[in-house]
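Engineer: One structure is given below, represented as structure tokens, and several questions about it will come after.
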Amino acid sequence: METKAAVLWERHAPWSVETIQLDPPKAEEVLVELHASGMCHSDEHIVTGDMPFSLPCIGGHEGAGVVLEVGDHVSWLKPGDHVVFGFMPSCGRCPSCASGHQSLCDLGAKIYSGRQIYDDTARHHANGQDLALACGIGSFSHHTVVHEASCIKIEPHHALDRACLLGCGFVTGWGSAVYAADVRPGDTVVVAGVGGIGAAAVQGARLAGARTITAIDPSEFKREQALKMGATHVAASWDEARDVVAEATWHRGADKFICAMGVGEGELIAKALAMTAKRGKLVVTNIHPMAERSIAVSLMDLTLMEKQIVGTLYGSANPRYDIPRLLELSSAGDVDLDAMVTRTYPLTGINDGYDDMRASRNIRGVLRYPAAG
């Protein structure tokens with residue numbers, strides 16, 4: 001079939017929306033008509049080369065839609081089912097999945113290739129070339145073919161242009177607070193960066209019972225949104241944050257500090273650790289450039305104050321459990337997915353959406369496709 005997709009042909013170039021050719025799904029694969037895709041900063045990392053996916057590449061890994069066709073070996077999905085894509089596949093059988101760490105599924109080792117998990121070939125083509133897929137998904141497209149391990153079935157009453165956020169950003173931020181940081185009632189929390197991930201971390205920390213939540217972001221708009229989502233204090237810079245955090249925590253430092261900036265900087269780890277309390281936990285969620293290999297921190301502080309630095313992927317969550325659960329929490333009004341979406345765009349507006357992201361005009365932009373009505 002033919003469909004429309006946003007393709008990146010070279011680094012530091014705009015996304016090109018064009019007609020592509022899409023092959024039918026093979027044995028373990030699913031053809032999905034997408035209704036929406038979140039515009040995650042991680043796809044900007046493909047543009048800059050910080051995440052070196054193969055090119056040409058269809059971007060997007062935060063999508064939701066309706067199943068149109070399934071391969072011969074797919075028994076648990078059928079046409080008409082509503083699905084959210086998990087940017088990390090989940091096989092359910094590898095040691096990580098079996099021990100409750102689906103975010104670290106062994107199939108994740110294949111997603112950087114951009115080829116299909118099933119057989120390392122391509123289903124998407126344009127101009128006589130095979131197209132790679134971001135995270136094996138390619139949700140910047142009206143239709144895509146993915147491996148069944150990338151699909152999470154959801155109830156059909158959930159709005160797909162909100163459910164798509166759970167494919168990456170919201171679960172990652174939520175889990176960074178609830179799982180990786182293990183925020184407990186009464187904890188003091190700092191969230192650095194209030195984009196799609198940081199805003200979800202604020203919501204997660206609030207619902208987990210944090211006493212204070214300090215959000216750091218240079219954007220006045222994002223600081224205002226953070227306060228609406230549960231932050232108790234805000235700071236416009238790291239230097240300002242030092243005094244704000246000291247006041248909010250009675251000079252003890254934050255029990256939990258979550259780094260959720262769009263692009264990580266090694267020099268900021270030391271500043272974050274300095275604002276972290278004795279026995280506190282510093283969670284590094286954001287992506288750092290692939291070439292960055294060193295940070296400068298006080299190891300004496302790390303040791304004598306028994307602090308921890310923890311990395312997390314997908315918020316250390318289990319998408320097959322957490323995506324349906326977060327949708328239930330949304331329906332109950334306990335988390336606010338509507339507040340996460342600042343603007344929506346058609347596929348042809350993708351470059352406008354990323355311009356808005358770079359200018360800090362969005363918490364999250366969402367692409368809505370014709371199937372969504």
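Labeling convention for the structure tokens: chains A, B, ... as they appear, residues from 1 per chain, ligands from 1 in order of appearance.
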Write out as a ChimeraX atom specification which residues come within 10 Å of Val310 (chain A) when counting only C-alpha atoms, dropping same-chain ones fewer than 4 positions away.
Structural biologist: /A:176,180-181,258,281-285
Engineer: Excluding Val335 (chain A) and any residue of its chain fewer than 2 positions from it, enumerate the residues within 9 Å of it, using only C-alpha atoms, and give them as a list in words.
Structural biologist: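 Close residues of Val335 (chain A): Ala200, Gln203, Gly204, Leu207, Met229, Leu326, Leu327, Leu329, Ser330, Ser331, Ala332, Gly333 and Leu337 of chain A.
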Engineer: Print the selection's residues with N, CA, C and O atoms to a file, as a tab-separated table (two decimals), in the first residue's frame.
Structural biologist:
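Final file, part-v4.tsv:
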```
chain	number	residue	atom	x	y	z
A	200	ALA	N	5.56	15.06	33.26
A	200	ALA	CA	5.03	13.78	33.77
A	200	ALA	C	5.69	13.40	35.09
A	200	ALA	O	5.05	12.83	35.98
A	203	GLN	N	3.93	15.25	37.76
A	203	GLN	CA	2.65	14.61	38.10
A	203	GLN	C	2.87	13.33	38.91
A	203	GLN	O	2.13	13.04	39.85
A	204	GLY	N	3.88	12.55	38.53
A	204	GLY	CA	4.16	11.32	39.26
A	204	GLY	C	4.57	11.59	40.69
A	204	GLY	O	4.12	10.92	41.63
A	207	LEU	N	1.47	12.65	42.79
A	207	LEU	CA	0.58	11.56	43.17
A	207	LEU	C	1.25	10.59	44.14
A	207	LEU	O	0.58	9.94	44.95
A	229	MET	N	0.47	21.55	37.43
A	229	MET	CA	0.50	20.08	37.49
A	229	MET	C	0.94	19.55	38.84
A	229	MET	O	0.96	18.33	39.04
A	326	LEU	N	-2.06	3.64	33.71
A	326	LEU	CA	-2.05	5.10	33.64
A	326	LEU	C	-3.27	5.63	32.90
A	326	LEU	O	-3.79	6.71	33.24
A	327	LEU	N	-3.76	4.89	31.93
A	327	LEU	CA	-5.00	5.30	31.26
A	327	LEU	C	-6.18	5.23	32.23
A	327	LEU	O	-7.07	6.10	32.20
A	329	LEU	N	-5.88	5.69	35.49
A	329	LEU	CA	-5.67	6.83	36.38
A	329	LEU	C	-6.09	8.13	35.71
A	329	LEU	O	-6.61	9.04	36.36
A	330	SER	N	-5.86	8.22	34.40
A	330	SER	CA	-6.32	9.39	33.66
A	330	SER	C	-7.84	9.49	33.66
A	330	SER	O	-8.40	10.57	33.87
A	331	SER	N	-8.51	8.36	33.42
A	331	SER	CA	-9.97	8.36	33.43
A	331	SER	C	-10.53	8.76	34.78
A	331	SER	O	-11.59	9.38	34.88
A	332	ALA	N	-9.79	8.41	35.85
A	332	ALA	CA	-10.24	8.74	37.20
A	332	ALA	C	-9.87	10.17	37.60
A	332	ALA	O	-10.26	10.62	38.68
A	333	GLY	N	-9.12	10.87	36.75
A	333	GLY	CA	-8.73	12.24	37.05
A	333	GLY	C	-7.50	12.37	37.92
A	333	GLY	O	-7.17	13.47	38.40
A	337	LEU	N	-3.58	13.96	31.29
A	337	LEU	CA	-2.95	13.86	29.98
A	337	LEU	C	-3.29	15.06	29.11
A	337	LEU	O	-2.49	15.47	28.25
```
Engineer: Would you please extract all alpha helix (DSSP H) residues from region 53-275 of chain A, as assigned by DSSP on the backbone, and give them as a PyMOL selection string?
Structural biologist: chain A and resi 95-98+160-163+169-175+196-207+220-229+238-248+266-274
Engineer: Write out, as a PDB file, in the first residue's frame, the residues just selected, with C-alpha atoms.
Structural biologist:
```pdb
ATOM      1  CA  PRO A  95      15.398 -12.457  31.565  1.00  0.00           C
ATOM      2  CA  SER A  96      14.602  -8.741  31.855  1.00  0.00           C
ATOM      3  CA  CYS A  97      10.931  -9.149  30.950  1.00  0.00           C
ATOM      4  CA  ALA A  98      10.541 -12.282  33.051  1.00  0.00           C
ATOM      5  CA  LEU A 160      -5.740   7.885  21.012  1.00  0.00           C
ATOM      6  CA  ASP A 161      -4.355  11.418  20.723  1.00  0.00           C
ATOM      7  CA  ARG A 162      -3.745  11.279  24.481  1.00  0.00           C
ATOM      8  CA  ALA A 163      -2.919   7.585  24.812  1.00  0.00           C
ATOM      9  CA  GLY A 169       7.304  10.486  27.348  1.00  0.00           C
ATOM     10  CA  PHE A 170       4.610  10.250  29.992  1.00  0.00           C
ATOM     11  CA  VAL A 171       5.550   6.764  31.196  1.00  0.00           C
ATOM     12  CA  THR A 172       9.230   7.746  31.178  1.00  0.00           C
ATOM     13  CA  GLY A 173       8.630  10.834  33.329  1.00  0.00           C
ATOM     14  CA  TRP A 174       6.073   9.190  35.575  1.00  0.00           C
ATOM     15  CA  GLY A 175       8.308   6.183  36.132  1.00  0.00           C
ATOM     16  CA  GLY A 196       6.941  16.011  28.131  1.00  0.00           C
ATOM     17  CA  ILE A 197       9.088  13.911  30.466  1.00  0.00           C
ATOM     18  CA  GLY A 198       9.630  16.477  33.202  1.00  0.00           C
ATOM     19  CA  ALA A 199       5.960  17.448  33.351  1.00  0.00           C
ATOM     20  CA  ALA A 200       5.026  13.784  33.775  1.00  0.00           C
ATOM     21  CA  ALA A 201       7.665  13.452  36.503  1.00  0.00           C
ATOM     22  CA  VAL A 202       6.021  16.365  38.324  1.00  0.00           C
ATOM     23  CA  GLN A 203       2.652  14.609  38.103  1.00  0.00           C
ATOM     24  CA  GLY A 204       4.157  11.320  39.259  1.00  0.00           C
ATOM     25  CA  ALA A 205       5.895  12.926  42.231  1.00  0.00           C
ATOM     26  CA  ARG A 206       2.680  14.714  43.215  1.00  0.00           C
ATOM     27  CA  LEU A 207       0.583  11.560  43.171  1.00  0.00           C
ATOM     28  CA  GLU A 220       8.153  31.012  32.027  1.00  0.00           C
ATOM     29  CA  PHE A 221       5.364  29.153  30.225  1.00  0.00           C
ATOM     30  CA  LYS A 222       6.720  25.785  31.323  1.00  0.00           C
ATOM     31  CA  ARG A 223       7.195  26.939  34.897  1.00  0.00           C
ATOM     32  CA  GLU A 224       3.562  28.078  34.963  1.00  0.00           C
ATOM     33  CA  GLN A 225       2.430  24.712  33.618  1.00  0.00           C
ATOM     34  CA  ALA A 226       4.541  22.865  36.186  1.00  0.00           C
ATOM     35  CA  LEU A 227       2.787  24.744  39.000  1.00  0.00           C
ATOM     36  CA  LYS A 228      -0.598  23.736  37.559  1.00  0.00           C
ATOM     37  CA  MET A 229       0.499  20.082  37.489  1.00  0.00           C
ATOM     38  CA  TRP A 238      20.288  26.206  38.007  1.00  0.00           C
ATOM     39  CA  ASP A 239      21.870  29.044  39.967  1.00  0.00           C
ATOM     40  CA  GLU A 240      18.454  30.277  41.114  1.00  0.00           C
ATOM     41  CA  ALA A 241      17.438  26.693  41.901  1.00  0.00           C
ATOM     42  CA  ARG A 242      20.211  26.337  44.476  1.00  0.00           C
ATOM     43  CA  ASP A 243      18.576  28.898  46.771  1.00  0.00           C
ATOM     44  CA  VAL A 244      15.012  27.799  45.973  1.00  0.00           C
ATOM     45  CA  VAL A 245      15.799  24.160  46.800  1.00  0.00           C
ATOM     46  CA  ALA A 246      17.607  25.172  49.987  1.00  0.00           C
ATOM     47  CA  GLU A 247      14.568  27.127  51.161  1.00  0.00           C
ATOM     48  CA  ALA A 248      12.076  24.421  50.141  1.00  0.00           C
ATOM     49  CA  GLY A 266      27.672  16.325  32.032  1.00  0.00           C
ATOM     50  CA  GLU A 267      28.660  19.492  33.931  1.00  0.00           C
ATOM     51  CA  LEU A 268      25.139  19.776  35.349  1.00  0.00           C
ATOM     52  CA  ILE A 269      25.379  16.418  37.124  1.00  0.00           C
ATOM     53  CA  ALA A 270      27.668  17.989  39.739  1.00  0.00           C
ATOM     54  CA  LYS A 271      25.201  20.838  40.317  1.00  0.00           C
ATOM     55  CA  ALA A 272      22.336  18.360  40.654  1.00  0.00           C
ATOM     56  CA  LEU A 273      24.271  16.181  43.080  1.00  0.00           C
ATOM     57  CA  ALA A 274      25.127  19.250  45.188  1.00  0.00           C
TER      58      ALA A 274
END
```
Engineer: Please identify every residue of region 18-63 of chain A that has at least one atom no farther than 7 Å from an atom of region 68-71 of chain A, counting only C-alpha atoms, and for each give the shortest atom pair and the distance in Å to one decimal, arranged by chain then increasing number, as a Markdown table.
Structural biologist:
```
| residue | atom | partner | partner_atom | distance |
| --- | --- | --- | --- | --- |
| A:Pro25 | CA | A:Gly71 | CA | 5.6 |
| A:Lys26 | CA | A:Gly71 | CA | 5.2 |
| A:Ala27 | CA | A:Gly71 | CA | 4.2 |
| A:Glu28 | CA | A:Gly71 | CA | 5.4 |
| A:Glu29 | CA | A:Gly71 | CA | 5.2 |
| A:Val30 | CA | A:Val70 | CA | 4.5 |
| A:Leu31 | CA | A:Glu69 | CA | 5.1 |
| A:Val32 | CA | A:Leu68 | CA | 5.5 |
| A:Glu33 | CA | A:Leu68 | CA | 6.5 |
```
Engineer: Might you pull out every residue within 12 Å of Arg123 (chain A), with only C-alpha atoms counted and same-chain residues fewer than 6 positions away left off, and present them as a PyMOL selection string?
Structural biologist: chain A and resi 1-2+20-26+29-31+58+114-117+129-133+136-138+143-147
Engineer: Restricting the output to N, CA, C and O atoms, write the selected residues as a tab-separated table (two decimals), in the first residue's frame.
Structural biologist:
```tsv
chain	number	residue	atom	x	y	z
A	1	MET	N	0.83	-1.19	0.00
A	1	MET	CA	0.00	0.00	0.00
A	1	MET	C	0.88	1.25	0.00
A	1	MET	O	2.08	1.18	0.30
A	2	GLU	N	0.29	2.39	-0.34
A	2	GLU	CA	0.98	3.66	-0.22
A	2	GLU	C	0.42	4.43	0.98
A	2	GLU	O	-0.77	4.33	1.29
A	20	ILE	N	5.18	7.06	0.74
A	20	ILE	CA	6.07	5.91	0.83
A	20	ILE	C	5.31	4.65	0.46
A	20	ILE	O	4.07	4.64	0.42
A	21	GLN	N	6.06	3.58	0.18
A	21	GLN	CA	5.46	2.28	-0.08
A	21	GLN	C	5.63	1.41	1.16
A	21	GLN	O	6.70	1.38	1.78
A	22	LEU	N	4.55	0.73	1.52
A	22	LEU	CA	4.53	-0.07	2.75
A	22	LEU	C	4.15	-1.50	2.42
A	22	LEU	O	3.10	-1.76	1.83
A	23	ASP	N	5.03	-2.46	2.79
A	23	ASP	CA	4.77	-3.88	2.55
A	23	ASP	C	3.79	-4.44	3.59
A	23	ASP	O	3.67	-3.89	4.69
A	24	PRO	N	3.13	-5.54	3.29
A	24	PRO	CA	2.24	-6.17	4.29
A	24	PRO	C	3.03	-6.70	5.48
A	24	PRO	O	4.24	-6.94	5.38
A	25	PRO	N	2.37	-6.92	6.60
A	25	PRO	CA	3.08	-7.46	7.76
A	25	PRO	C	3.47	-8.92	7.54
A	25	PRO	O	2.74	-9.68	6.92
A	26	LYS	N	4.62	-9.29	8.08
A	26	LYS	CA	5.05	-10.69	8.06
A	26	LYS	C	4.53	-11.40	9.31
A	26	LYS	O	3.72	-10.87	10.06
A	29	GLU	N	4.15	-9.67	12.77
A	29	GLU	CA	4.01	-8.23	12.64
A	29	GLU	C	2.56	-7.78	12.53
A	29	GLU	O	1.66	-8.59	12.28
A	30	VAL	N	2.37	-6.47	12.67
A	30	VAL	CA	1.03	-5.89	12.70
A	30	VAL	C	1.03	-4.63	11.84
A	30	VAL	O	1.94	-3.80	11.93
A	31	LEU	N	0.00	-4.49	11.01
A	31	LEU	CA	-0.22	-3.26	10.26
A	31	LEU	C	-1.20	-2.39	11.05
A	31	LEU	O	-2.28	-2.84	11.42
A	58	ILE	N	12.19	6.99	9.02
A	58	ILE	CA	10.89	7.53	9.43
A	58	ILE	C	10.94	7.73	10.93
A	58	ILE	O	11.21	6.80	11.68
A	114	GLY	N	17.04	0.16	12.97
A	114	GLY	CA	15.97	0.72	12.15
A	114	GLY	C	15.27	-0.31	11.29
A	114	GLY	O	14.32	0.02	10.57
A	115	ARG	N	15.70	-1.54	11.36
A	115	ARG	CA	15.08	-2.61	10.57
A	115	ARG	C	14.06	-3.36	11.42
A	115	ARG	O	13.99	-3.21	12.64
A	116	GLN	N	13.26	-4.19	10.76
A	116	GLN	CA	12.23	-4.94	11.47
A	116	GLN	C	12.85	-5.95	12.43
A	116	GLN	O	13.82	-6.65	12.09
A	117	ILE	N	12.29	-6.02	13.62
A	117	ILE	CA	12.78	-6.96	14.63
A	117	ILE	C	12.70	-8.40	14.13
A	117	ILE	O	13.57	-9.23	14.41
A	129	GLN	N	14.58	3.25	-2.05
A	129	GLN	CA	15.43	2.92	-0.90
A	129	GLN	C	14.59	2.35	0.24
A	129	GLN	O	13.43	2.72	0.42
A	130	ASP	N	15.22	1.46	1.02
A	130	ASP	CA	14.61	1.00	2.25
A	130	ASP	C	14.70	2.12	3.29
A	130	ASP	O	15.69	2.86	3.36
A	131	LEU	N	13.65	2.25	4.10
A	131	LEU	CA	13.62	3.26	5.15
A	131	LEU	C	13.76	2.61	6.52
A	131	LEU	O	13.09	1.61	6.82
A	132	ALA	N	14.63	3.18	7.34
A	132	ALA	CA	14.73	2.75	8.73
A	132	ALA	C	13.55	3.31	9.52
A	132	ALA	O	12.86	4.22	9.07
A	133	LEU	N	13.33	2.76	10.71
A	133	LEU	CA	12.24	3.19	11.59
A	133	LEU	C	12.80	3.59	12.94
A	133	LEU	O	13.62	2.86	13.52
A	136	GLY	N	12.03	1.01	15.69
A	136	GLY	CA	11.26	-0.06	15.07
A	136	GLY	C	9.79	0.25	14.92
A	136	GLY	O	8.97	-0.65	14.70
A	137	ILE	N	9.42	1.55	14.99
A	137	ILE	CA	8.00	1.95	14.98
A	137	ILE	C	7.67	2.88	13.83
A	137	ILE	O	6.81	2.60	13.01
A	138	GLY	N	8.30	4.05	13.76
A	138	GLY	CA	8.01	4.99	12.68
A	138	GLY	C	6.61	5.57	12.78
A	138	GLY	O	5.82	5.47	11.84
A	143	HIS	N	0.36	5.16	8.39
A	143	HIS	CA	0.31	3.71	8.61
A	143	HIS	C	1.72	3.21	8.86
A	143	HIS	O	2.69	3.79	8.35
A	144	THR	N	1.83	2.14	9.62
A	144	THR	CA	3.14	1.53	9.81
A	144	THR	C	2.97	0.04	10.07
A	144	THR	O	1.88	-0.44	10.42
A	145	VAL	N	4.06	-0.68	9.89
A	145	VAL	CA	4.13	-2.11	10.22
A	145	VAL	C	5.17	-2.28	11.31
A	145	VAL	O	6.31	-1.82	11.17
A	146	VAL	N	4.77	-2.90	12.42
A	146	VAL	CA	5.66	-3.08	13.56
A	146	VAL	C	5.59	-4.51	14.06
A	146	VAL	O	4.65	-5.27	13.75
A	147	HIS	N	6.56	-4.89	14.86
A	147	HIS	CA	6.54	-6.20	15.51
A	147	HIS	C	5.49	-6.20	16.62
A	147	HIS	O	5.25	-5.18	17.27
```
Engineer: Quote the spacing between CA of Ile111 (chain A) and CA of Ser294 (chain A) in Å to one decimal place.
Structural biologist: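 Straight-line distance from CA of Ile111 (chain A) to CA of Ser294 (chain A) works out to 25.4 Å.
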Engineer: At a cut-off of 12 Å, using only C-alpha atoms, what residues contact region 290-293 of chain A? Leave out same-chain residues fewer than 5 positions from it and give the result as a PyMOL selection string.
Structural biologist: chain A and resi 45-46+48-53+263-267
Engineer: If we count only C-alpha atoms, what is near Trp9 (chain A) at a cut-off of 7 Å, once residues fewer than 6 positions away on the same chain are taken out, given as JSON, numbers by chain?
Structural biologist: {"A": [55, 56, 57]}
Engineer: Could the residues in this selection be written to a file with C-alpha atoms, as a short mmCIF file (atom, residue, chain, number, x, y, z; two decimals), in the first residue's frame?
Structural biologist:
```cif
data_model
loop_
_atom_site.label_atom_id
_atom_site.label_comp_id
_atom_site.auth_asym_id
_atom_site.auth_seq_id
_atom_site.Cartn_x
_atom_site.Cartn_y
_atom_site.Cartn_z
CA LEU A 55 19.19 7.12 7.63
CA PRO A 56 16.95 7.56 5.74
CA CYS A 57 14.59 7.12 8.67
#
```
Engineer: List every residue of region 108-201 of chain A that has an atom at most 10 Å from any atom of region 343-349 of chain A, giving for each one its closest atom pair and the distance in Å to one decimal, counting only C-alpha atoms, sorted by chain and then by ascending residue number, as a tab-separated table.
Structural biologist:
```
residue	atom	partner	partner_atom	distance
A:Phe140	CA	A:Leu347	CA	7.1
A:Ser141	CA	A:Leu347	CA	7.5
A:His142	CA	A:Leu347	CA	8.2
A:Asp161	CA	A:Thr344	CA	9.0
```
Engineer: Those same residues - N, CA and C atoms - I'd like them written as a PDB file, in the first residue's frame.
Structural biologist:
```pdb
ATOM      1  N   PHE A 140       5.676   8.665  12.803  1.00  0.00           N
ATOM      2  CA  PHE A 140       5.432   9.849  11.982  1.00  0.00           C
ATOM      3  C   PHE A 140       4.936   9.387  10.617  1.00  0.00           C
ATOM      4  N   SER A 141       3.837   8.661  10.605  1.00  0.00           N
ATOM      5  CA  SER A 141       3.316   8.051   9.394  1.00  0.00           C
ATOM      6  C   SER A 141       1.841   7.751   9.599  1.00  0.00           C
ATOM      7  N   HIS A 142       1.078   7.809   8.514  1.00  0.00           N
ATOM      8  CA  HIS A 142      -0.349   7.476   8.634  1.00  0.00           C
ATOM      9  C   HIS A 142      -0.575   5.982   8.837  1.00  0.00           C
ATOM     10  N   ASP A 161      -5.269  10.282  20.779  1.00  0.00           N
ATOM     11  CA  ASP A 161      -4.355  11.418  20.723  1.00  0.00           C
ATOM     12  C   ASP A 161      -3.859  11.822  22.102  1.00  0.00           C
TER      13      ASP A 161
END
```
Engineer: Residues at most 8 Å from Ile363 (chain A), counting only C-alpha atoms, excluding those fewer than 2 positions away in the same chain, as a PyMOL selection string?
Structural biologist: chain A and resi 194-196+199+222+340-342+357+360-361+365
Engineer: May I have the selected residues written with N, CA, C and O atoms, as a tab-separated table (two decimals), in the first residue's frame?
Structural biologist:
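Result went into selection-v4.tsv, see below:
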```tsv
chain	number	residue	atom	x	y	z
A	194	VAL	N	11.06	20.87	32.11
A	194	VAL	CA	9.61	20.63	32.16
A	194	VAL	C	9.08	20.50	30.74
A	194	VAL	O	8.26	21.28	30.28
A	195	GLY	N	9.61	19.52	30.01
A	195	GLY	CA	9.01	19.13	28.74
A	195	GLY	C	8.05	17.98	28.99
A	195	GLY	O	7.50	17.82	30.08
A	196	GLY	N	7.87	17.13	27.98
A	196	GLY	CA	6.94	16.01	28.13
A	196	GLY	C	7.33	15.06	29.24
A	196	GLY	O	6.47	14.52	29.95
A	199	ALA	N	7.32	17.17	32.89
A	199	ALA	CA	5.96	17.45	33.35
A	199	ALA	C	5.31	16.18	33.90
A	199	ALA	O	4.57	16.23	34.90
A	222	LYS	N	6.59	27.13	30.76
A	222	LYS	CA	6.72	25.78	31.32
A	222	LYS	C	6.70	25.80	32.85
A	222	LYS	O	6.16	24.89	33.49
A	340	MET	N	-0.85	17.85	29.18
A	340	MET	CA	0.45	17.59	28.56
A	340	MET	C	0.50	18.08	27.12
A	340	MET	O	1.57	18.37	26.59
A	341	VAL	N	-0.65	18.16	26.46
A	341	VAL	CA	-0.69	18.47	25.02
A	341	VAL	C	-0.97	19.96	24.85
A	341	VAL	O	-2.08	20.43	25.10
A	342	THR	N	0.05	20.68	24.39
A	342	THR	CA	-0.11	22.12	24.20
A	342	THR	C	-0.72	22.43	22.85
A	342	THR	O	-1.62	23.27	22.75
A	357	MET	N	8.76	23.25	19.75
A	357	MET	CA	9.46	22.56	20.84
A	357	MET	C	10.77	23.26	21.15
A	357	MET	O	11.09	23.53	22.32
A	360	SER	N	10.43	26.30	23.16
A	360	SER	CA	9.80	26.09	24.47
A	360	SER	C	8.36	26.58	24.51
A	360	SER	O	7.87	27.02	25.55
A	361	ARG	N	7.66	26.47	23.38
A	361	ARG	CA	6.25	26.85	23.35
A	361	ARG	C	5.33	25.68	23.68
A	361	ARG	O	4.12	25.88	23.84
A	365	GLY	N	3.89	18.54	21.80
A	365	GLY	CA	3.11	18.66	20.58
A	365	GLY	C	2.68	17.27	20.12
A	365	GLY	O	3.41	16.29	20.32
```
